[in-house]
Each structure stands twice: as C-alpha cells, then as structure tokens.
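**Student:** The structure file structure31.txt (compact mmCIF, C-alpha atoms) is provided below.
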```txt
# COMPACT_ATOMS: atom_id res chain seq x y z
CA MET A 1 94.31 113.98 71.75
CA ARG A 2 91.67 113.32 74.36
CA GLN A 3 91.37 109.74 75.40
CA ALA A 4 87.62 109.73 75.75
CA GLY A 5 87.42 106.24 77.23
CA ILE A 6 89.88 106.72 80.05
CA TYR A 7 88.69 110.25 80.91
CA SER A 8 84.99 109.43 80.95
CA ARG A 9 85.59 106.38 83.10
CA ILE A 10 87.78 108.15 85.63
CA SER A 11 85.73 111.36 85.80
CA SER A 12 82.52 109.45 86.42
CA SER A 13 84.19 107.41 89.11
CA SER A 14 85.51 110.44 90.95
CA SER A 15 82.04 111.97 91.22
CA SER A 16 79.50 111.04 93.89
CA GLY A 17 79.53 107.47 95.07
CA ARG A 18 76.17 106.62 93.55
CA ARG A 19 77.03 107.83 90.06
CA GLY A 20 80.52 106.35 90.36
CA SER A 21 79.22 102.91 91.22
CA GLN A 22 76.91 102.94 88.22
CA GLN A 23 79.70 103.88 85.80
CA HIS A 24 82.43 101.65 87.20
CA SER A 25 82.60 98.07 86.08
CA LEU A 26 83.31 96.97 89.66
CA PRO A 27 81.63 98.04 92.91
CA LEU A 28 84.10 100.26 94.75
CA ALA A 29 82.47 99.72 98.14
CA ARG A 30 82.91 95.97 97.82
CA ILE A 31 86.57 96.38 96.82
CA LYS A 32 87.09 98.54 99.89
CA LYS A 33 85.41 95.92 102.08
CA ILE A 34 87.66 93.17 100.77
CA MET A 35 90.71 95.38 101.29
CA LYS A 36 89.76 95.97 104.93
CA LYS A 37 89.19 92.28 105.58
CA SER A 38 92.52 91.29 104.08
CA ASP A 39 94.74 92.92 106.66
CA ASP A 40 93.91 93.80 110.26
CA GLY A 41 96.46 96.60 110.03
CA VAL A 42 94.58 98.50 107.35
CA GLU A 43 93.34 101.60 109.12
CA MET A 44 92.19 103.98 106.44
CA ILE A 45 91.84 103.71 102.70
CA SER A 46 91.97 106.76 100.47
CA GLY A 47 89.17 107.34 97.97
CA GLU A 48 91.48 106.75 95.04
CA ALA A 49 92.71 103.33 96.20
CA PRO A 50 89.58 101.33 95.23
CA ILE A 51 89.52 103.19 91.92
CA VAL A 52 93.11 102.17 91.15
CA PHE A 53 92.29 98.64 92.31
CA SER A 54 89.29 98.50 90.02
CA ARG A 55 91.58 98.99 87.03
CA ALA A 56 94.19 96.61 88.45
CA ILE A 57 91.58 93.88 88.86
CA GLU A 58 90.52 94.30 85.24
CA LEU A 59 94.14 93.88 84.13
CA PHE A 60 94.55 90.86 86.39
CA VAL A 61 91.37 89.10 85.25
CA GLU A 62 92.14 89.85 81.60
CA GLU A 63 95.65 88.41 81.83
CA LEU A 64 94.62 85.27 83.70
CA THR A 65 91.68 84.73 81.35
CA ARG A 66 93.85 85.13 78.24
CA LYS A 67 96.40 82.64 79.52
CA SER A 68 93.67 80.19 80.51
CA TRP A 69 91.99 80.51 77.12
CA MET A 70 95.24 79.66 75.32
CA LEU A 71 95.24 76.33 77.15
CA ALA A 72 91.60 75.66 76.32
CA ALA A 73 92.24 76.52 72.67
CA GLU A 74 95.18 74.06 72.56
CA ASP A 75 92.68 71.44 73.64
CA LYS A 76 90.33 72.64 70.91
CA ARG A 77 87.65 73.56 73.45
CA ARG A 78 85.38 76.59 73.35
CA THR A 79 84.39 76.40 77.01
CA LEU A 80 86.83 77.74 79.55
CA GLN A 81 87.14 75.30 82.44
CA ARG A 82 88.48 75.67 85.96
CA ASP A 83 91.43 73.41 85.10
CA ASP A 84 92.53 75.90 82.45
CA VAL A 85 92.73 78.62 85.10
CA VAL A 86 94.56 76.30 87.50
CA SER A 87 97.08 75.36 84.82
CA ALA A 88 97.57 79.00 83.83
CA ILE A 89 98.29 79.84 87.47
CA HIS A 90 100.83 77.04 87.74
CA GLY A 91 102.45 78.12 84.48
CA THR A 92 102.89 81.79 85.35
CA ASP A 93 105.46 82.93 87.93
CA VAL A 94 103.63 86.10 88.84
CA PHE A 95 100.53 84.09 89.79
CA ASP A 96 102.47 81.99 92.33
CA PHE A 97 100.53 83.56 95.20
CA LEU A 98 97.41 81.79 93.89
CA VAL A 99 98.91 78.28 93.85
CA ASP A 100 97.74 77.40 97.35
CA LEU A 101 94.28 78.79 96.67
CA VAL A 102 93.54 76.47 93.75
CA CYS A 103 93.89 72.69 93.62
CA VAL A 104 96.82 71.11 91.80
CA PRO A 105 95.64 69.24 88.72
CA ASP A 106 96.20 65.82 90.39
CA GLN A 107 94.02 66.72 93.34
CA GLN A 108 91.48 68.19 90.96
CA ASN A 109 90.85 64.72 89.51
CA GLU A 110 89.89 63.45 92.96
CA ARG A 111 87.58 66.39 93.49
CA LYS A 112 85.74 65.76 90.24
CA GLU A 113 84.11 62.77 91.95
CA SER A 114 82.90 64.96 94.82
CA PRO A 115 79.98 67.38 94.64
CA VAL A 116 80.55 71.05 93.77
CA GLY A 117 80.18 71.94 97.46
CA SER A 118 83.53 70.44 98.29
CA GLU A 119 85.17 72.72 95.74
CA THR A 120 83.77 75.62 97.67
CA GLU A 121 85.08 74.15 100.91
CA THR A 122 88.55 73.75 99.45
CA VAL A 123 88.66 77.29 98.14
CA GLY A 124 86.87 78.50 101.26
CA SER A 125 89.60 77.03 103.44
CA LYS A 126 91.66 80.00 102.33
CA ARG A 127 89.15 82.23 104.09
CA THR A 128 91.28 82.14 107.20
CA LYS A 129 94.09 83.63 105.17
CA VAL A 130 92.02 86.37 103.59
CA GLY A 131 89.84 87.46 106.47
CA PRO A 132 89.86 87.45 110.25
CA MET B 1 71.19 99.35 104.52
CA GLU B 2 69.91 95.99 105.67
CA ASP B 3 72.29 93.65 103.90
CA ASN B 4 71.66 90.80 106.28
CA ILE B 5 67.95 90.40 105.66
CA GLY B 6 67.42 86.82 104.62
CA SER B 7 67.66 83.41 106.15
CA ASP B 8 71.28 82.71 105.39
CA GLU B 9 73.59 85.20 107.02
CA GLY B 10 76.54 82.95 106.23
CA SER B 11 76.05 83.28 102.47
CA THR B 12 75.75 87.08 102.75
CA LYS B 13 79.14 87.23 104.45
CA GLU B 14 80.52 84.86 101.83
CA GLN B 15 79.35 87.17 99.07
CA ASP B 16 80.84 90.17 100.85
CA ARG B 17 84.35 88.82 100.42
CA LEU B 18 83.95 88.28 96.67
CA LEU B 19 83.27 90.63 93.80
CA PRO B 20 79.97 89.95 91.99
CA ILE B 21 80.19 87.02 89.60
CA ALA B 22 78.45 88.99 86.84
CA ASN B 23 81.09 91.71 86.92
CA VAL B 24 83.94 89.20 86.92
CA GLY B 25 82.36 87.24 84.07
CA ARG B 26 81.93 90.41 82.02
CA ILE B 27 85.63 91.27 82.27
CA MET B 28 86.56 87.72 81.29
CA LYS B 29 84.31 87.85 78.23
CA GLN B 30 85.98 91.04 77.04
CA VAL B 31 89.17 89.15 76.16
CA LEU B 32 87.53 86.00 74.80
CA PRO B 33 86.19 85.32 71.30
CA PRO B 34 82.42 85.79 70.90
CA ASN B 35 81.74 82.05 70.67
CA ALA B 36 83.66 81.25 73.87
CA LYS B 37 81.82 79.96 76.93
CA ILE B 38 82.87 80.10 80.55
CA SER B 39 81.76 77.49 83.06
CA LYS B 40 80.22 78.77 86.29
CA GLN B 41 82.89 77.02 88.30
CA THR B 42 85.54 78.91 86.34
CA LYS B 43 83.92 82.26 87.12
CA GLU B 44 83.72 81.27 90.79
CA THR B 45 87.39 80.38 90.77
CA MET B 46 88.20 83.73 89.21
CA GLN B 47 86.18 85.47 91.93
CA GLU B 48 88.32 83.75 94.56
CA CYS B 49 91.53 84.63 92.70
CA VAL B 50 90.49 88.29 92.55
CA SER B 51 89.84 88.44 96.30
CA GLU B 52 93.19 86.80 96.96
CA PHE B 53 94.82 89.34 94.62
CA ILE B 54 93.20 92.23 96.46
CA GLY B 55 94.27 90.80 99.80
CA PHE B 56 97.83 90.15 98.76
CA VAL B 57 98.36 93.59 97.25
CA THR B 58 96.62 95.34 100.14
CA SER B 59 98.84 93.56 102.67
CA GLU B 60 101.93 94.75 100.81
CA ALA B 61 100.59 98.28 100.57
CA SER B 62 99.55 98.28 104.22
CA GLU B 63 103.01 97.09 105.27
CA LYS B 64 104.58 99.99 103.38
CA CYS B 65 102.30 102.43 105.21
CA ARG B 66 103.18 100.90 108.55
CA LYS B 67 106.90 101.24 107.87
CA GLU B 68 106.42 104.86 106.86
CA ARG B 69 104.11 105.47 109.83
CA ARG B 70 101.18 106.46 107.66
CA LYS B 71 97.61 105.50 108.41
CA THR B 72 96.04 105.80 104.98
CA VAL B 73 96.66 103.44 102.09
CA ASN B 74 96.63 105.52 98.92
CA GLY B 75 96.87 104.91 95.19
CA ASP B 76 100.68 105.19 95.15
CA ASP B 77 100.92 102.44 97.74
CA ILE B 78 98.84 100.16 95.53
CA CYS B 79 101.12 100.89 92.55
CA CYS B 80 104.26 100.21 94.59
CA ALA B 81 102.79 96.97 95.90
CA MET B 82 102.15 95.88 92.31
CA GLU B 83 105.82 96.41 91.49
CA THR B 84 106.94 94.51 94.58
CA MET B 85 104.77 91.57 93.56
CA GLY B 86 106.16 91.51 90.04
CA PHE B 87 103.24 93.18 88.25
CA ASP B 88 105.52 95.81 86.69
CA ASP B 89 103.35 96.27 83.61
CA TYR B 90 100.29 96.91 85.74
CA ALA B 91 102.20 99.39 87.90
CA GLY B 92 103.12 101.54 84.90
CA LEU B 93 99.56 101.65 83.58
CA LEU B 94 98.10 102.27 87.01
CA ARG B 95 100.45 105.16 87.74
CA ARG B 96 99.28 106.86 84.55
CA TYR B 97 95.67 106.12 85.44
CA LEU B 98 96.21 107.59 88.89
CA HIS B 99 97.93 110.65 87.45
CA ILE B 100 94.97 111.35 85.18
CA TYR B 101 92.50 110.77 88.03
CA ARG B 102 94.35 113.17 90.32
CA GLY B 103 94.51 115.74 87.56
CA LEU B 104 90.75 115.56 87.09
CA GLU B 105 90.16 115.83 90.83
CA GLY B 106 92.44 118.86 90.94
CA GLU B 107 90.51 120.51 88.11
CA LYS B 108 87.26 119.92 89.94
CA ALA B 109 88.65 121.40 93.14
CA ASN B 110 89.82 124.48 91.24
CA GLN B 111 86.42 124.89 89.63
CA VAL B 112 84.71 124.74 93.02
CA LYS B 113 87.21 127.24 94.39
CA ALA B 114 86.62 129.61 91.48
CA MET B 115 82.86 129.37 91.95
CA ASN B 116 83.19 130.14 95.65
CA ASN B 117 85.35 133.16 94.87
CA THR B 118 82.88 134.61 92.37
CA GLN B 119 80.05 134.14 94.87
CA GLN B 120 81.96 136.25 97.37
```
Would you write the structure of this file as structure tokens?
**Tutor:**
Amino acid sequence: MRQAGIYSRISSSSSSGRRGSQQHSLPLARIKKIMKKSDDGVEMISGEAPIVFSRAIELFVEELTRKSWMLAAEDKRRTLQRDDVVSAIHGTDVFDFLVDLVCVPDQQNERKESPVGSETETVGSKRTKVGP
Amino acid sequence: MEDNIGSDEGSTKEQDRLLPIANVGRIMKQVLPPNAKISKQTKETMQECVSEFIGFVTSEASEKCRKERRKTVNGDDICCAMETMGFDDYAGLLRRYLHIYRGLEGEKANQVKAMNNTQQ
C-alpha cells in the first residue's frame, strides 16, 4: 500500500529547492549551514543529507519532548518548562552529549535569580564548541 | 540575498546557528496534548539542543568520511553516525526513509532520461 504521507513529503523535498523548503517542516538550507559550522573538516554535503537530518531532528525533538512532558505531568503541570528538558536529558543515556550544554538543576536555581540574558550566555558559551 | 541587513549583525549570526523557533515549537506540539503549553525558554533550549545534535552527528559522519578519504557527507554517513551515537531506532527509520528518497530520485532520473530519448 502506498504510504501517502512519507511519499508526498519526500517527493516534494527532492524537487526544486524552493518547493522543497515550502513542503519541509524544517529549512534545509539552515540545516546545511549548521552542519558546515559544526566541523571545519566538512567539505561537501550531499543533497540528501539535510533531508535525512530533517527527519532525524523531528525524531530527536519528539523523543526529548515526550520525556520532558512525562516529568511535567508527574508534577501535574500543563506547561513544559526548561527544567523538564534538563531533567529528561540527565535521565536519558543517549542524551549525554547535551549534559554540558544545559545547566544542572542545582545551577539552574541560581540562574533563576538572574535575568533571561544570562541563560543565553550560558547556553551561548557552547558556541565555541559548535562553531569556529 | 541580503541576510545581514539590520542593525544587529550579531543576532543574525546567532539565528543562523539555530533552527527557527516556530518550526521547533511545532514539532514539540505534535507529541503533546492539545491543552499543553510550552514556555519560550523551553523552546529556546530545544533549539540549542537541536543544533548540538546536528553538530555532534555531523562530526561523527565527517570523521567517517575522512577515514574513508571521501569528501562528501551523504545520507548513509548520517545513518551510521546515528548508530555510533546510540540512536539505533532512528538509524533504522532513517535508512528506510533514505531508501525511499533514493528510489524516488531514481524514478525521476529515469523519467527525464526517457523524455530525452523520445525527443531524439
């Protein structure tokens, strides 16, 4: 049986860039840009790589969001907070690579007293790791 | 395309390293109940996590290409990197996704070829 969803999404993405970017949930050009910034050794990126990444990112965001929501629901909250994401990261082995990027819950309590800008600085300090 | 028009070049570069918050928020909402809310800070954190994810996987994939003396990172490299990082479930789904995509691209190429042949 034809899987209309998967076919229509992939076929529209493989067409011209303009049409592809309208159909895709994520901008492929931006994904490519982030890929290039991540590693100085990246020379060339095939056209299919950002398309595969687009789907991978959806899977990643969905999994992290689900895990975070479970923690919020335990607390009987309907608003997903940053702490829920941080705790989900700490509680999942496969998300270990994100541990340094986010604050540990103890440090988070200190940061609550500081303005939002400092949050950005903390997360932004990882910029040296991501880009040049 | 003049992306840098505007007073704050720094913020433009900052945005360039993140996926749009609206897109990220939309994916998050897809797996949440209708009455759920997401704080802006949470979406921003998710943006950062996504960029870190892209970077981490790309570095792995790029390393594989270097070892094999290839210059182009392709879809298979991304799938392999996922497995190396422990995202085995993703790797399986993505390989199927890639297989379908390549099949569609092949069909298109054949159609173009057939059209060119009939024109001759």
**Student:** Define the interface residues of chain A facing chain B as those within 8 Å, counting only C-alpha atoms, and report them as JSON, numbers by chain.
**Tutor:** {"A": [6, 7, 10, 11, 14, 25, 26, 27, 30, 31, 33, 34, 35, 37, 38, 39, 41, 42, 43, 44, 45, 46, 47, 48, 49, 52, 53, 55, 56, 57, 58, 59, 60, 61, 62, 65, 66, 69, 78, 79, 80, 81, 82, 85, 94, 97, 98, 101, 102, 123, 130]}
**Student:** Could you please determine the separation between CA of Cys80 (chain B) and CA of Glu68 (chain B) in Å, to one decimal place?
**Tutor:**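 Distance between the two atoms: 13.3 Å.
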**Student:** What is the CA of Gly91 (chain A) to CA of Glu83 (chain B) distance in Å?
**Tutor:**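 That distance, rounded to one decimal, is 19.9 Å.
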**Student:** Give me, please, the distance in Å between CA of Leu71 (chain A) and CA of His90 (chain A), quoted to one decimal.
**Tutor:**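 Pair CA of Leu71 (chain A) / CA of His90 (chain A) returns 12.0 Å.
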**Student:** Taking (95.0, 73.8, 88.8) in the coordinates of the supplied file, I want to know which residues reach to within 8 Å of it, counting all atoms listed in the file; could you give the answer as an MDAnalysis selection string?
**Tutor:** chainID A and resid 82:90 99 102:105 108
